[in-house]
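> Mind having a look at this structure? Questions to follow.
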Amino acid sequence: MAAGDRIWTNARLLTLAEGSPNLGLVDHGAIAVRDGRIVFAGPASDLPGEFSGVEATDCGGRLITPGLVDCHTHLVHAGDRAREFEMRLEGASYEEIARAGGGIVSSVTQLRAADEAELVRQTLPRLDALIAEGVTTVEVKSGYGLTIPDELKMLRAARQLSEERPVSVFTSYLGAHATPAEYKGRNADFLCDVVLPGLTQAHEQGLVDAVDGFCEGIAFSPDEIRQVFDLARSLGLPVKLHADQLSNLGGASLAADYGALSAEHLEYTDEDGAAAMAKAGTVAVILPGAFYFIRETKKPPIDLFRKHGVRMALATDNNPGTSPLTSLLLTMNMGATLFGMTVEECIAGVTREAARALGCQAETGTLEAGKWADLALWDVERPAELVYRMGFNPLHQRVWRGQPTS
């Protein structure tokens with residue numbers, strides 16, 4: 001027995017172990033932890049004898065899942081866009097909102113005006129909302145600064161979040177998010193002056209874990225994204241892609257060509273794109289918050305992803321303009337009710353598959369020996385309740401790296 005040993009007993013486990021039926025359900029389970037990592041997760045009758053003298057936490061029959069993973073967010077941003085939401089409800093068009101200073105221009109203006117400390121201050125309440133629902137790992141993108149100093153500022157703020165809260169933060173460089181007003185109509189210049197050198201600097205400063213881009217008619221073309229991904233590849237960084245959200249420019253296939261960790265949104269992805277993603281092992285990140293908030297009608301092709309065996313994750317896509325959502329539990333419900341995802345797909349989508357979408361599945365996302373002891377204990381009778389309820393948080397306790405945090 002070591003000083004850092006902990007065990008949880010009298011629990012029902014959803015291990016999410018690959019290939020296990022019913023999400024790896026263990027009815028009479030136990031978890032043993034040493035130095036923040038899982039040593040054992042399985043039937044209590046098989047608990048190693050070395051833990052016999054360790055004081056146990058009796059879970060009272062509660063359900064334990066891996067800590068939740070929010071694998072696509074724009075969590076670091078300044079201000080909000082509630083006024084333009086109100087304008088849309090009053091009938092204003094996109095163009096009218098843009099002329100009034102709304103849209104991404106508004107987010108860029110507010111981001112540039114805030115210093116790093118202010119960004120952290122504004123972001124923490126959003127992060128706390130996720131943590132309160134059992135999230136232990138979160139991805140945060142840049143993309144609202146659109147100058148080199150401001151993109152780096154966003155990434156530094158994202159890194160700071162893990163110093164302020166017990167949570168794992170993965171950063172994605174999204175310099176190719178939009179073209180700022182000062183480069184309007186000059187995407188090539190913006191890539192050359194800002195996006196590519198900014199990526200190099202972010203990498204040199206240890207601020208980036210992956211590289212993202214927005215491949216869309218209103219953003220960047222496939223050829224422009226290839227320039228970004230070629231640089232990412234030369235730096236040894238994995239890539240992911242906002243793809244096929246508003247049209248089909250072949251973004252899913254483009255992501256697959258680069259062996260992307262994930263492609264995200266995907267409402268207009270076709271069968272060729274789904275097949276390419278399956279072959280490359282690229283995860284489809286489904287984002288129902290944006291679909292709901294902007295009242296889209298084109299749904300992502302869930303049946304195609306099932307047909308081809310594409311892994312599916314779910315995420316909040318928290319951002320100020322199209323998905324001001326800070327509930328991964330509600331995201332699961334949306335995935336089920338709006339897109340017809342099953343309970344198992346939804347729960348796997350915010351644990352094992354979300355971790356896969358970040359490239360950290362060797363460290364978290366399932367309850368298996370060797371992984372971080374990131375756990376969520378729930379006051380529920382059955383797993384379906386995690387997907388079924390809306391506006392109700394059944395979290396009993398959150399554990400990050402073996403330490404209870406609530």
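Chain lettering (A, B, ...) mirrors the order of the structure tokens, residue numbering begins at 1 for each chain separately, and ligand numbering begins at 1 in order of display.
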Which residues come within 6 Å of segment 363-367 of chain A, counting only C-alpha atoms, excluding same-chain residues fewer than 6 positions away, as a list in words?

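The residues that qualify are Thr15, Leu16, Ala17, Pro66, Thr351, Arg352 and Ala355 of chain A.
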
> Please produce an output containing all heavy atoms for each residue in the selection, written as a compact mmCIF listing (two decimals), in the first residue's frame.


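Result written to part.txt:
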# COMPACT_ATOMS: atom_id res chain seq x y z
N THR A 15 -16.92 1.53 -17.98
CA THR A 15 -15.49 1.64 -18.26
C THR A 15 -15.21 2.24 -19.63
O THR A 15 -14.14 2.79 -19.86
CB THR A 15 -14.79 0.28 -18.17
OG1 THR A 15 -15.23 -0.54 -19.27
CG2 THR A 15 -15.07 -0.40 -16.84
N LEU A 16 -16.14 2.12 -20.57
CA LEU A 16 -15.97 2.55 -21.96
C LEU A 16 -14.82 1.82 -22.65
O LEU A 16 -14.34 2.26 -23.71
CB LEU A 16 -15.76 4.06 -22.06
CG LEU A 16 -16.99 4.97 -22.09
CD1 LEU A 16 -17.81 4.78 -23.35
CD2 LEU A 16 -17.82 4.86 -20.86
N ALA A 17 -14.38 0.72 -22.08
CA ALA A 17 -13.28 -0.04 -22.69
C ALA A 17 -13.66 -0.46 -24.11
O ALA A 17 -14.80 -0.88 -24.36
CB ALA A 17 -12.95 -1.26 -21.85
N PRO A 66 -15.88 7.72 -16.98
CA PRO A 66 -14.71 8.59 -17.15
C PRO A 66 -15.14 10.05 -17.03
O PRO A 66 -16.29 10.40 -17.33
CB PRO A 66 -14.23 8.27 -18.57
CG PRO A 66 -14.84 6.94 -18.90
CD PRO A 66 -16.14 6.88 -18.17
N THR A 351 -16.69 11.01 -23.96
CA THR A 351 -15.64 10.38 -23.17
C THR A 351 -14.58 9.79 -24.10
O THR A 351 -13.69 10.49 -24.55
CB THR A 351 -16.24 9.30 -22.23
OG1 THR A 351 -17.05 8.38 -23.00
CG2 THR A 351 -17.10 9.93 -21.14
N ARG A 352 -14.73 8.51 -24.44
CA ARG A 352 -13.71 7.81 -25.22
C ARG A 352 -13.45 8.45 -26.57
O ARG A 352 -12.29 8.71 -26.95
CB ARG A 352 -14.14 6.35 -25.42
CG ARG A 352 -13.12 5.49 -26.15
CD ARG A 352 -13.68 4.09 -26.39
NE ARG A 352 -14.84 4.11 -27.30
CZ ARG A 352 -15.90 3.31 -27.14
NH1 ARG A 352 -15.98 2.45 -26.14
NH2 ARG A 352 -16.90 3.37 -28.01
N ALA A 355 -11.90 11.96 -26.37
CA ALA A 355 -10.47 11.85 -26.09
C ALA A 355 -9.71 11.47 -27.36
O ALA A 355 -8.61 11.98 -27.64
CB ALA A 355 -10.22 10.83 -24.98

> Can you pull out every residue within 10 Å of Pro166 of chain A, counting only C-alpha atoms, but drop anything in the same chain fewer than 5 positions away, and send it as number ranges by chain?

A: 131, 136-137, 161, 399-401, 403-405

> Neighbouring residues of Arg126 of chain A were defined as those with any atom within 10 Å, considering only C-alpha atoms; residues of the same chain fewer than 5 positions away were excluded. Please report them as a ChimeraX atom specification.

/A:75-76,121,131,318,324-327

> Write the selection just made, keeping N, CA and C atoms, as a PDB file, in the first residue's frame?


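out_15.pdb, written as the output of this step:
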ATOM      1  N   LEU A  75     -13.621  28.547 -26.002  1.00  0.00           N
ATOM      2  CA  LEU A  75     -13.957  28.995 -24.653  1.00  0.00           C
ATOM      3  C   LEU A  75     -13.344  30.349 -24.313  1.00  0.00           C
ATOM      4  N   VAL A  76     -12.126  30.587 -24.805  1.00  0.00           N
ATOM      5  CA  VAL A  76     -11.473  31.870 -24.543  1.00  0.00           C
ATOM      6  C   VAL A  76     -11.978  32.902 -25.546  1.00  0.00           C
ATOM      7  N   ARG A 121     -10.059  35.905 -16.777  1.00  0.00           N
ATOM      8  CA  ARG A 121     -11.153  36.247 -15.853  1.00  0.00           C
ATOM      9  C   ARG A 121     -12.512  35.984 -16.485  1.00  0.00           C
ATOM     10  N   ILE A 131     -16.890  22.247 -15.698  1.00  0.00           N
ATOM     11  CA  ILE A 131     -16.345  21.447 -14.605  1.00  0.00           C
ATOM     12  C   ILE A 131     -17.456  20.952 -13.689  1.00  0.00           C
ATOM     13  N   ASN A 318     -18.611  25.749 -27.623  1.00  0.00           N
ATOM     14  CA  ASN A 318     -18.860  27.021 -26.940  1.00  0.00           C
ATOM     15  C   ASN A 318     -18.170  28.168 -27.657  1.00  0.00           C
ATOM     16  N   PRO A 324     -23.395  29.587 -27.723  1.00  0.00           N
ATOM     17  CA  PRO A 324     -23.031  29.996 -26.354  1.00  0.00           C
ATOM     18  C   PRO A 324     -23.475  28.949 -25.337  1.00  0.00           C
ATOM     19  N   LEU A 325     -22.960  27.751 -25.495  1.00  0.00           N
ATOM     20  CA  LEU A 325     -23.405  26.575 -24.756  1.00  0.00           C
ATOM     21  C   LEU A 325     -22.294  26.113 -23.821  1.00  0.00           C
ATOM     22  N   THR A 326     -22.616  25.956 -22.538  1.00  0.00           N
ATOM     23  CA  THR A 326     -21.620  25.508 -21.570  1.00  0.00           C
ATOM     24  C   THR A 326     -22.106  24.273 -20.825  1.00  0.00           C
ATOM     25  N   SER A 327     -22.868  23.420 -21.495  1.00  0.00           N
ATOM     26  CA  SER A 327     -23.369  22.193 -20.886  1.00  0.00           C
ATOM     27  C   SER A 327     -23.129  21.013 -21.818  1.00  0.00           C
TER      28      SER A 327
END

> Using only C-alpha atoms, which residues sit within 12 Å of Glu385 of chain A once same-chain residues fewer than 3 positions away are excluded, as a list of chain:residue names?

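Selected residues are A:Leu63, A:Leu329, A:Leu330, A:Met332, A:Asn333, A:Val343, A:Glu344, A:Cys346, A:Ile347, A:Trp378, A:Asp379, A:Val380, A:Glu381, A:Arg382, A:Tyr388, A:Arg389, A:Met390, A:Gly391, A:Phe392, A:Asn393, A:Pro394, A:Leu395.
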
> Keeping only N, CA and C atoms, write the selected residues as a PDB file, in the first residue's frame.


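Contents of the output file out-v6.pdb:
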ATOM      1  N   LEU A  63     -23.213   5.492 -10.217  1.00  0.00           N
ATOM      2  CA  LEU A  63     -22.564   5.223 -11.505  1.00  0.00           C
ATOM      3  C   LEU A  63     -21.281   6.044 -11.608  1.00  0.00           C
ATOM      4  N   LEU A 329     -23.807  17.997 -20.860  1.00  0.00           N
ATOM      5  CA  LEU A 329     -24.980  17.145 -20.654  1.00  0.00           C
ATOM      6  C   LEU A 329     -26.090  17.516 -21.636  1.00  0.00           C
ATOM      7  N   LEU A 330     -26.366  18.806 -21.778  1.00  0.00           N
ATOM      8  CA  LEU A 330     -27.374  19.231 -22.744  1.00  0.00           C
ATOM      9  C   LEU A 330     -26.935  18.901 -24.165  1.00  0.00           C
ATOM     10  N   MET A 332     -25.327  16.290 -25.106  1.00  0.00           N
ATOM     11  CA  MET A 332     -25.697  14.889 -25.346  1.00  0.00           C
ATOM     12  C   MET A 332     -27.179  14.764 -25.679  1.00  0.00           C
ATOM     13  N   ASN A 333     -28.027  15.462 -24.939  1.00  0.00           N
ATOM     14  CA  ASN A 333     -29.451  15.408 -25.219  1.00  0.00           C
ATOM     15  C   ASN A 333     -29.752  15.917 -26.621  1.00  0.00           C
ATOM     16  N   VAL A 343     -28.024   6.494 -26.957  1.00  0.00           N
ATOM     17  CA  VAL A 343     -27.446   6.773 -25.644  1.00  0.00           C
ATOM     18  C   VAL A 343     -25.976   6.359 -25.606  1.00  0.00           C
ATOM     19  N   GLU A 344     -25.669   5.183 -26.122  1.00  0.00           N
ATOM     20  CA  GLU A 344     -24.277   4.726 -26.113  1.00  0.00           C
ATOM     21  C   GLU A 344     -23.390   5.633 -26.951  1.00  0.00           C
ATOM     22  N   CYS A 346     -23.844   8.792 -27.549  1.00  0.00           N
ATOM     23  CA  CYS A 346     -23.697  10.082 -26.873  1.00  0.00           C
ATOM     24  C   CYS A 346     -22.693   9.997 -25.726  1.00  0.00           C
ATOM     25  N   ILE A 347     -22.807   8.968 -24.899  1.00  0.00           N
ATOM     26  CA  ILE A 347     -21.888   8.856 -23.758  1.00  0.00           C
ATOM     27  C   ILE A 347     -20.465   8.575 -24.227  1.00  0.00           C
ATOM     28  N   TRP A 378     -22.105   9.802 -10.555  1.00  0.00           N
ATOM     29  CA  TRP A 378     -23.422  10.330 -10.892  1.00  0.00           C
ATOM     30  C   TRP A 378     -24.523   9.722 -10.021  1.00  0.00           C
ATOM     31  N   ASP A 379     -25.464  10.567  -9.617  1.00  0.00           N
ATOM     32  CA  ASP A 379     -26.669  10.121  -8.922  1.00  0.00           C
ATOM     33  C   ASP A 379     -27.739   9.776  -9.945  1.00  0.00           C
ATOM     34  N   VAL A 380     -27.577   8.638 -10.610  1.00  0.00           N
ATOM     35  CA  VAL A 380     -28.545   8.195 -11.608  1.00  0.00           C
ATOM     36  C   VAL A 380     -28.784   6.706 -11.436  1.00  0.00           C
ATOM     37  N   GLU A 381     -29.947   6.258 -11.865  1.00  0.00           N
ATOM     38  CA  GLU A 381     -30.271   4.836 -11.811  1.00  0.00           C
ATOM     39  C   GLU A 381     -29.730   4.090 -13.019  1.00  0.00           C
ATOM     40  N   ARG A 382     -29.705   4.778 -14.157  1.00  0.00           N
ATOM     41  CA  ARG A 382     -29.264   4.116 -15.387  1.00  0.00           C
ATOM     42  C   ARG A 382     -28.531   5.133 -16.264  1.00  0.00           C
ATOM     43  N   TYR A 388     -30.984  11.758 -21.177  1.00  0.00           N
ATOM     44  CA  TYR A 388     -32.429  12.028 -21.157  1.00  0.00           C
ATOM     45  C   TYR A 388     -32.789  13.365 -20.512  1.00  0.00           C
ATOM     46  N   ARG A 389     -32.135  13.717 -19.421  1.00  0.00           N
ATOM     47  CA  ARG A 389     -32.549  14.907 -18.675  1.00  0.00           C
ATOM     48  C   ARG A 389     -32.063  16.190 -19.336  1.00  0.00           C
ATOM     49  N   MET A 390     -32.831  17.265 -19.151  1.00  0.00           N
ATOM     50  CA  MET A 390     -32.437  18.589 -19.631  1.00  0.00           C
ATOM     51  C   MET A 390     -32.494  19.570 -18.459  1.00  0.00           C
ATOM     52  N   GLY A 391     -31.443  20.363 -18.294  1.00  0.00           N
ATOM     53  CA  GLY A 391     -31.427  21.358 -17.236  1.00  0.00           C
ATOM     54  C   GLY A 391     -31.294  20.773 -15.849  1.00  0.00           C
ATOM     55  N   PHE A 392     -30.791  19.548 -15.743  1.00  0.00           N
ATOM     56  CA  PHE A 392     -30.630  18.882 -14.458  1.00  0.00           C
ATOM     57  C   PHE A 392     -29.241  18.273 -14.420  1.00  0.00           C
ATOM     58  N   ASN A 393     -28.513  18.531 -13.346  1.00  0.00           N
ATOM     59  CA  ASN A 393     -27.144  18.051 -13.228  1.00  0.00           C
ATOM     60  C   ASN A 393     -27.051  17.014 -12.112  1.00  0.00           C
ATOM     61  N   PRO A 394     -26.915  15.730 -12.445  1.00  0.00           N
ATOM     62  CA  PRO A 394     -26.869  14.682 -11.426  1.00  0.00           C
ATOM     63  C   PRO A 394     -25.455  14.354 -10.933  1.00  0.00           C
ATOM     64  N   LEU A 395     -24.474  15.236 -11.181  1.00  0.00           N
ATOM     65  CA  LEU A 395     -23.113  14.940 -10.748  1.00  0.00           C
ATOM     66  C   LEU A 395     -23.030  14.898  -9.224  1.00  0.00           C
TER      67      LEU A 395
END

> Expressed in Å to a single decimal, how great is the separation between atom CA of His72 of chain A and atom CA of Asp317 of chain A?

5.2 Å

> Which polymer residues have any atom within 8 Å of an atom of segment 18-32 of chain A, counting only C-alpha atoms, with same-chain residues fewer than 4 positions away left out, as a compact mmCIF listing (two decimals) with all heavy atoms, in the first residue's frame?


# COMPACT_ATOMS: atom_id res chain seq x y z
N ASP A 5 -2.44 5.88 -2.58
CA ASP A 5 -3.48 4.93 -2.99
C ASP A 5 -4.87 5.43 -2.61
O ASP A 5 -5.08 5.97 -1.52
CB ASP A 5 -3.25 3.57 -2.34
CG ASP A 5 -2.04 2.85 -2.90
OD1 ASP A 5 -1.45 3.36 -3.86
OD2 ASP A 5 -1.71 1.78 -2.36
N ARG A 6 -5.85 5.21 -3.50
CA ARG A 6 -7.25 5.49 -3.24
C ARG A 6 -8.08 4.40 -3.90
O ARG A 6 -7.70 3.89 -4.96
CB ARG A 6 -7.69 6.85 -3.81
CG ARG A 6 -7.15 8.07 -3.10
CD ARG A 6 -7.59 9.35 -3.81
NE ARG A 6 -7.17 10.53 -3.10
CZ ARG A 6 -7.90 11.18 -2.20
NH1 ARG A 6 -9.11 10.74 -1.90
NH2 ARG A 6 -7.45 12.26 -1.59
N ILE A 7 -9.22 4.08 -3.29
CA ILE A 7 -10.14 3.15 -3.95
C ILE A 7 -11.57 3.64 -3.79
O ILE A 7 -11.93 4.30 -2.81
CB ILE A 7 -10.02 1.70 -3.40
CG1 ILE A 7 -10.29 1.64 -1.90
CG2 ILE A 7 -8.66 1.11 -3.75
CD1 ILE A 7 -10.31 0.21 -1.37
N TRP A 8 -12.35 3.36 -4.81
CA TRP A 8 -13.79 3.62 -4.80
C TRP A 8 -14.48 2.27 -4.96
O TRP A 8 -14.16 1.51 -5.89
CB TRP A 8 -14.18 4.54 -5.95
CG TRP A 8 -13.83 5.98 -5.74
CD1 TRP A 8 -14.66 6.97 -5.32
CD2 TRP A 8 -12.56 6.61 -5.97
NE1 TRP A 8 -13.98 8.18 -5.25
CE2 TRP A 8 -12.69 7.98 -5.65
CE3 TRP A 8 -11.32 6.14 -6.41
CZ2 TRP A 8 -11.64 8.88 -5.76
CZ3 TRP A 8 -10.26 7.03 -6.50
CH2 TRP A 8 -10.44 8.39 -6.18
N THR A 9 -15.42 1.95 -4.07
CA THR A 9 -16.11 0.66 -4.11
C THR A 9 -17.62 0.87 -4.09
O THR A 9 -18.10 2.00 -3.99
CB THR A 9 -15.70 -0.21 -2.90
OG1 THR A 9 -16.06 0.48 -1.69
CG2 THR A 9 -14.21 -0.49 -2.90
N ASN A 10 -18.34 -0.25 -4.20
CA ASN A 10 -19.80 -0.22 -4.21
C ASN A 10 -20.29 0.74 -5.30
O ASN A 10 -21.10 1.63 -5.07
CB ASN A 10 -20.36 0.19 -2.84
CG ASN A 10 -21.88 -0.01 -2.76
OD1 ASN A 10 -22.49 -0.73 -3.56
ND2 ASN A 10 -22.50 0.65 -1.79
N ALA A 11 -19.78 0.54 -6.51
CA ALA A 11 -20.10 1.42 -7.63
C ALA A 11 -20.50 0.59 -8.84
O ALA A 11 -20.14 -0.60 -8.96
CB ALA A 11 -18.90 2.28 -7.98
N ARG A 12 -21.24 1.22 -9.74
CA ARG A 12 -21.46 0.67 -11.07
C ARG A 12 -20.57 1.46 -12.02
O ARG A 12 -20.60 2.69 -12.03
CB ARG A 12 -22.93 0.81 -11.48
CG ARG A 12 -23.86 -0.12 -10.69
CD ARG A 12 -25.31 0.16 -11.00
NE ARG A 12 -25.66 1.50 -10.63
CZ ARG A 12 -26.35 2.35 -11.41
NH1 ARG A 12 -26.76 1.98 -12.59
NH2 ARG A 12 -26.62 3.56 -10.97
N LEU A 13 -19.79 0.76 -12.79
CA LEU A 13 -18.81 1.41 -13.66
C LEU A 13 -19.26 1.35 -15.12
O LEU A 13 -19.78 0.34 -15.57
CB LEU A 13 -17.44 0.72 -13.56
CG LEU A 13 -16.86 0.43 -12.19
CD1 LEU A 13 -15.49 -0.24 -12.34
CD2 LEU A 13 -16.75 1.69 -11.36
N LEU A 14 -19.06 2.45 -15.82
CA LEU A 14 -19.06 2.42 -17.28
C LEU A 14 -17.61 2.62 -17.69
O LEU A 14 -17.10 3.74 -17.72
CB LEU A 14 -19.93 3.55 -17.86
CG LEU A 14 -21.44 3.43 -17.76
CD1 LEU A 14 -22.11 4.54 -18.58
CD2 LEU A 14 -21.94 2.08 -18.24
N ILE A 38 -5.17 5.16 -12.76
CA ILE A 38 -5.95 3.97 -12.46
C ILE A 38 -5.04 2.75 -12.48
O ILE A 38 -4.26 2.54 -13.42
CB ILE A 38 -7.09 3.80 -13.49
CG1 ILE A 38 -8.07 4.98 -13.40
CG2 ILE A 38 -7.82 2.48 -13.29
CD1 ILE A 38 -9.09 5.01 -14.53
N VAL A 39 -5.13 1.96 -11.44
CA VAL A 39 -4.41 0.69 -11.36
C VAL A 39 -5.35 -0.47 -11.67
O VAL A 39 -4.96 -1.47 -12.26
CB VAL A 39 -3.78 0.51 -9.96
CG1 VAL A 39 -3.10 -0.85 -9.83
CG2 VAL A 39 -2.79 1.63 -9.68
N PHE A 40 -6.62 -0.31 -11.25
CA PHE A 40 -7.60 -1.36 -11.46
C PHE A 40 -8.98 -0.72 -11.62
O PHE A 40 -9.33 0.21 -10.89
CB PHE A 40 -7.63 -2.33 -10.27
CG PHE A 40 -8.78 -3.29 -10.31
CD1 PHE A 40 -8.71 -4.46 -11.04
CD2 PHE A 40 -9.97 -3.02 -9.61
CE1 PHE A 40 -9.77 -5.35 -11.09
CE2 PHE A 40 -11.03 -3.90 -9.66
CZ PHE A 40 -10.94 -5.07 -10.39
N ALA A 41 -9.77 -1.23 -12.58
CA ALA A 41 -11.17 -0.84 -12.72
C ALA A 41 -11.92 -2.07 -13.21
O ALA A 41 -11.69 -2.56 -14.32
CB ALA A 41 -11.32 0.31 -13.71
N GLY A 42 -12.79 -2.60 -12.36
CA GLY A 42 -13.50 -3.82 -12.73
C GLY A 42 -14.34 -4.35 -11.59
O GLY A 42 -14.66 -3.60 -10.65
N PRO A 43 -14.69 -5.61 -11.62
CA PRO A 43 -15.51 -6.20 -10.55
C PRO A 43 -14.80 -6.07 -9.20
O PRO A 43 -13.60 -6.34 -9.08
CB PRO A 43 -15.64 -7.66 -10.97
CG PRO A 43 -15.42 -7.65 -12.46
CD PRO A 43 -14.41 -6.58 -12.70
N ALA A 44 -15.56 -5.69 -8.17
CA ALA A 44 -14.98 -5.51 -6.84
C ALA A 44 -14.36 -6.82 -6.34
O ALA A 44 -13.37 -6.80 -5.58
CB ALA A 44 -16.05 -5.03 -5.88
N LEU A 47 -10.64 -6.98 -7.02
CA LEU A 47 -9.76 -5.90 -6.54
C LEU A 47 -8.47 -6.48 -6.00
O LEU A 47 -8.50 -7.40 -5.16
CB LEU A 47 -10.48 -5.10 -5.45
CG LEU A 47 -9.77 -3.85 -4.93
CD1 LEU A 47 -9.73 -2.77 -6.01
CD2 LEU A 47 -10.47 -3.31 -3.68
N PHE A 51 -4.62 -3.58 -2.11
CA PHE A 51 -5.43 -2.45 -1.70
C PHE A 51 -6.35 -2.78 -0.52
O PHE A 51 -7.21 -1.98 -0.15
CB PHE A 51 -6.28 -1.96 -2.88
CG PHE A 51 -5.48 -1.27 -3.95
CD1 PHE A 51 -4.98 -2.00 -5.02
CD2 PHE A 51 -5.20 0.08 -3.86
CE1 PHE A 51 -4.21 -1.38 -6.00
CE2 PHE A 51 -4.44 0.71 -4.84
CZ PHE A 51 -3.95 -0.02 -5.91
N GLY A 61 -23.56 2.64 -4.61
CA GLY A 61 -24.19 2.14 -5.83
C GLY A 61 -24.25 3.13 -6.96
O GLY A 61 -24.90 2.87 -8.00
N GLU A 344 -25.67 5.18 -26.12
CA GLU A 344 -24.28 4.73 -26.11
C GLU A 344 -23.39 5.63 -26.95
O GLU A 344 -22.26 5.95 -26.56
CB GLU A 344 -24.19 3.27 -26.59
CG GLU A 344 -24.78 2.29 -25.61
CD GLU A 344 -24.33 0.85 -25.87
OE1 GLU A 344 -23.46 0.64 -26.75
OE2 GLU A 344 -24.84 -0.04 -25.19
N ALA A 348 -20.31 7.68 -25.20
CA ALA A 348 -18.98 7.45 -25.76
C ALA A 348 -18.45 8.72 -26.42
O ALA A 348 -17.25 9.00 -26.41
CB ALA A 348 -19.01 6.31 -26.77

> Have a look at atom CA of Glu216 of chain A and atom CA of Thr337 of chain A and let me know their distance in Å, one decimal.

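These atoms are spaced 26.8 Å apart.
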
> Using backbone DSSP assignments, extract all strand (DSSP E) residues from segment 1-209 of chain A; output them as a PyMOL selection string.

chain A and resi 6-14+25-34+37-43+56-58+63-66+68-70+135-141+168-176

> Taking 2 positions as the minimum chain separation for residues in the same chain, which residues sit within 8 Å of Asp80 of chain A when counting only C-alpha atoms? Answer as a PyMOL selection string.

chain A and resi 78+82+107+320-321

> Using only C-alpha atoms, which residues sit within 9 Å of Phe305 of chain A once same-chain residues fewer than 3 positions away are excluded, as a JSON list (two decimals) with N, CA, C and O atoms, in the first residue's frame?


[["chain", "number", "residue", "atom", "x", "y", "z"],
["A", 271, "GLU", "N", -20.83, 10.74, -48.85],
["A", 271, "GLU", "CA", -20.36, 9.38, -48.58],
["A", 271, "GLU", "C", -18.87, 9.23, -48.82],
["A", 271, "GLU", "O", -18.18, 8.53, -48.07],
["A", 274, "ALA", "N", -17.19, 10.58, -45.74],
["A", 274, "ALA", "CA", -17.32, 9.67, -44.61],
["A", 274, "ALA", "C", -16.39, 8.46, -44.76],
["A", 274, "ALA", "O", -15.72, 8.05, -43.80],
["A", 275, "ALA", "N", -16.32, 7.91, -45.97],
["A", 275, "ALA", "CA", -15.46, 6.76, -46.21],
["A", 275, "ALA", "C", -13.99, 7.12, -46.01],
["A", 275, "ALA", "O", -13.21, 6.34, -45.44],
["A", 277, "MET", "N", -12.81, 9.51, -44.05],
["A", 277, "MET", "CA", -12.58, 9.68, -42.62],
["A", 277, "MET", "C", -12.41, 8.34, -41.92],
["A", 277, "MET", "O", -11.54, 8.18, -41.07],
["A", 278, "ALA", "N", -13.25, 7.39, -42.27],
["A", 278, "ALA", "CA", -13.16, 6.06, -41.66],
["A", 278, "ALA", "C", -11.81, 5.43, -41.93],
["A", 278, "ALA", "O", -11.16, 4.87, -41.03],
["A", 284, "ALA", "N", -15.37, 12.12, -36.30],
["A", 284, "ALA", "CA", -16.39, 13.11, -36.63],
["A", 284, "ALA", "C", -16.86, 13.77, -35.33],
["A", 284, "ALA", "O", -17.42, 13.10, -34.47],
["A", 301, "PRO", "N", -24.62, 13.67, -41.41],
["A", 301, "PRO", "CA", -25.04, 12.34, -41.89],
["A", 301, "PRO", "C", -24.66, 11.22, -40.92],
["A", 301, "PRO", "O", -23.77, 10.41, -41.18],
["A", 302, "ILE", "N", -25.37, 11.17, -39.80],
["A", 302, "ILE", "CA", -25.06, 10.18, -38.76],
["A", 302, "ILE", "C", -25.11, 8.76, -39.33],
["A", 302, "ILE", "O", -24.24, 7.92, -39.02],
["A", 308, "HIS", "N", -20.02, 3.54, -42.33],
["A", 308, "HIS", "CA", -18.60, 3.41, -42.64],
["A", 308, "HIS", "C", -17.73, 3.21, -41.39],
["A", 308, "HIS", "O", -16.51, 3.07, -41.51],
["A", 309, "GLY", "N", -18.36, 3.22, -40.21],
["A", 309, "GLY", "CA", -17.59, 3.00, -39.00],
["A", 309, "GLY", "C", -16.77, 4.19, -38.56],
["A", 309, "GLY", "O", -15.71, 4.02, -37.94],
["A", 310, "VAL", "N", -17.25, 5.39, -38.87],
["A", 310, "VAL", "CA", -16.56, 6.61, -38.42],
["A", 310, "VAL", "C", -16.85, 6.81, -36.94],
["A", 310, "VAL", "O", -18.01, 6.77, -36.51],
["A", 311, "ARG", "N", -15.83, 7.04, -36.16],
["A", 311, "ARG", "CA", -16.01, 7.34, -34.74],
["A", 311, "ARG", "C", -16.69, 8.71, -34.61],
["A", 311, "ARG", "O", -16.35, 9.64, -35.34],
["A", 312, "MET", "N", -17.58, 8.84, -33.63],
["A", 312, "MET", "CA", -18.30, 10.10, -33.45],
["A", 312, "MET", "C", -18.12, 10.62, -32.03],
["A", 312, "MET", "O", -18.32, 9.89, -31.05]]
